[in-house]
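*Asks:* Shown below is the structure under consideration.
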Amino acid sequence: MAKVKNPRVPRTRGNNTMTEAGFWSFIRSGLRRMFQRYPNKYKCLAASKVGRGQYMCVECKNIHKNKDVSVDHIIPCGSLKKWEDVTPFMKALFCPLHNLQVLCKECHYIKTMHE
């Protein structure tokens, strides 16, 4: 049996093996993994492609390699901490193409820190 990191935090999910925060983190990461295969993500990347494996960041307008860019939600997806958040989070995550943009890692980091 795994050693419990903080026994004072109640384990109420997953047959009493997960905390509430751990459960919602698990759900959120699963949905984000699904987004990696979302067709609009690929369409967004294709629209910003400027060469073989090269994409333009909409913020800094520099050209970056595929590994140095990410598809960002213009309007953030929000939080996912309770059942009532599931539908709005999924609607925002699996959004229309006009809510997606390609940002380089540096611009994405800066935008995320401002949010």
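By order in the structure tokens, chains are A, B, ...; within a chain, residues start at 1; ligands start at 1, following the order shown.
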Could you pull out all residues of chain A with a DSSP call of helix (DSSP H, G or I) and give them as a PDB file with C-alpha atoms, in the first residue's frame?
*Replies:*
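Result written to states23.pdb:
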```pdb
ATOM      1  CA  GLU A  20     -10.833  16.048  -3.741  1.00  0.00           C
ATOM      2  CA  ALA A  21      -8.087  18.150  -5.387  1.00  0.00           C
ATOM      3  CA  GLY A  22      -6.362  15.027  -6.707  1.00  0.00           C
ATOM      4  CA  PHE A  23      -9.608  13.761  -8.209  1.00  0.00           C
ATOM      5  CA  TRP A  24     -10.293  17.001 -10.096  1.00  0.00           C
ATOM      6  CA  SER A  25      -6.667  17.178 -11.237  1.00  0.00           C
ATOM      7  CA  PHE A  26      -7.063  13.642 -12.624  1.00  0.00           C
ATOM      8  CA  ILE A  27     -10.252  14.615 -14.522  1.00  0.00           C
ATOM      9  CA  ARG A  28      -8.747  17.878 -15.814  1.00  0.00           C
ATOM     10  CA  SER A  29      -5.583  16.180 -17.111  1.00  0.00           C
ATOM     11  CA  GLY A  30      -7.652  13.496 -18.860  1.00  0.00           C
ATOM     12  CA  LEU A  31      -9.727  16.111 -20.657  1.00  0.00           C
ATOM     13  CA  ARG A  32      -6.611  18.069 -21.629  1.00  0.00           C
ATOM     14  CA  ARG A  33      -5.107  14.848 -23.040  1.00  0.00           C
ATOM     15  CA  MET A  34      -8.238  14.478 -25.173  1.00  0.00           C
ATOM     16  CA  PHE A  35      -7.786  18.063 -26.417  1.00  0.00           C
ATOM     17  CA  PRO A  39      -9.487  18.550 -34.824  1.00  0.00           C
ATOM     18  CA  ASN A  40      -9.710  22.316 -34.242  1.00  0.00           C
ATOM     19  CA  LYS A  41      -6.290  22.212 -32.575  1.00  0.00           C
ATOM     20  CA  TYR A  42      -4.781  20.826 -35.785  1.00  0.00           C
ATOM     21  CA  LYS A  43      -6.661  23.373 -37.911  1.00  0.00           C
ATOM     22  CA  CYS A  44      -5.292  26.181 -35.748  1.00  0.00           C
ATOM     23  CA  LEU A  45      -1.741  24.876 -36.160  1.00  0.00           C
ATOM     24  CA  ALA A  46      -2.200  24.513 -39.926  1.00  0.00           C
ATOM     25  CA  ALA A  47      -3.420  28.113 -40.198  1.00  0.00           C
ATOM     26  CA  ASN A  66       6.772  22.885 -33.828  1.00  0.00           C
ATOM     27  CA  LYS A  67       8.181  21.868 -30.436  1.00  0.00           C
ATOM     28  CA  ASP A  68       8.390  25.525 -29.362  1.00  0.00           C
ATOM     29  CA  TRP A  83     -19.271  18.883 -10.847  1.00  0.00           C
ATOM     30  CA  GLU A  84     -20.911  22.177 -11.812  1.00  0.00           C
ATOM     31  CA  ASP A  85     -17.663  23.223 -13.558  1.00  0.00           C
ATOM     32  CA  VAL A  86     -17.560  20.201 -15.909  1.00  0.00           C
ATOM     33  CA  THR A  87     -19.880  21.462 -18.655  1.00  0.00           C
ATOM     34  CA  PRO A  88     -18.489  25.022 -18.866  1.00  0.00           C
ATOM     35  CA  PHE A  89     -14.920  23.687 -18.763  1.00  0.00           C
ATOM     36  CA  MET A  90     -15.572  21.196 -21.569  1.00  0.00           C
ATOM     37  CA  LYS A  91     -17.388  23.795 -23.699  1.00  0.00           C
ATOM     38  CA  ALA A  92     -14.429  26.143 -23.317  1.00  0.00           C
ATOM     39  CA  LEU A  93     -11.818  23.415 -23.869  1.00  0.00           C
ATOM     40  CA  LEU A  97     -11.524  27.543 -33.992  1.00  0.00           C
ATOM     41  CA  HIS A  98     -11.878  31.304 -33.461  1.00  0.00           C
ATOM     42  CA  ASN A  99     -11.055  30.855 -29.753  1.00  0.00           C
ATOM     43  CA  LYS A 105       6.306  28.920 -25.282  1.00  0.00           C
ATOM     44  CA  GLU A 106       7.578  32.252 -23.978  1.00  0.00           C
ATOM     45  CA  CYS A 107       4.463  34.211 -24.999  1.00  0.00           C
ATOM     46  CA  HIS A 108       2.245  31.415 -23.673  1.00  0.00           C
ATOM     47  CA  TYR A 109       4.033  31.521 -20.316  1.00  0.00           C
ATOM     48  CA  ILE A 110       3.622  35.303 -20.079  1.00  0.00           C
ATOM     49  CA  LYS A 111      -0.101  35.096 -20.976  1.00  0.00           C
ATOM     50  CA  THR A 112      -0.678  32.311 -18.448  1.00  0.00           C
ATOM     51  CA  MET A 113       1.062  34.271 -15.675  1.00  0.00           C
ATOM     52  CA  HIS A 114      -1.178  37.295 -16.360  1.00  0.00           C
TER      53      HIS A 114
END
```
*Asks:* With distances taken over only C-alpha atoms, which residue among A:Asn15, A:His73, A:Glu115, A:Gln101 lies nearest Ser48 (chain A)?
*Replies:* A:Gln101
*Asks:* Set the distance at 8 Å and use only C-alpha atoms: which residues neighbour Val102 (chain A) once local chain neighbours fewer than 2 positions away are removed? I'd like the list as an NGL selection string.
*Replies:* :A and (44-45 or 48 or 55-58 or 69-72 or 100 or 104)
*Asks:* Enumerate, as an MDAnalysis selection string, the complete set of residues in chain A that a backbone-based DSSP assignment places in strand (DSSP E or B).
*Replies:* chainID A and resid 13 18 49:51 54:56 63:65 69:73 100:104
*Asks:* What's the separation between CA of Gly51 (chain A) and CA of Lys65 (chain A), in Å to one decimal place?
*Replies:*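 Rounded to one decimal, the two atoms are 9.4 Å apart.
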*Asks:* Do you have the CA of Tyr38 (chain A)-CA of His64 (chain A) distance handy?
*Replies:*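 Spanning CA of Tyr38 (chain A) to CA of His64 (chain A) is a straight-line distance of 21.7 Å.
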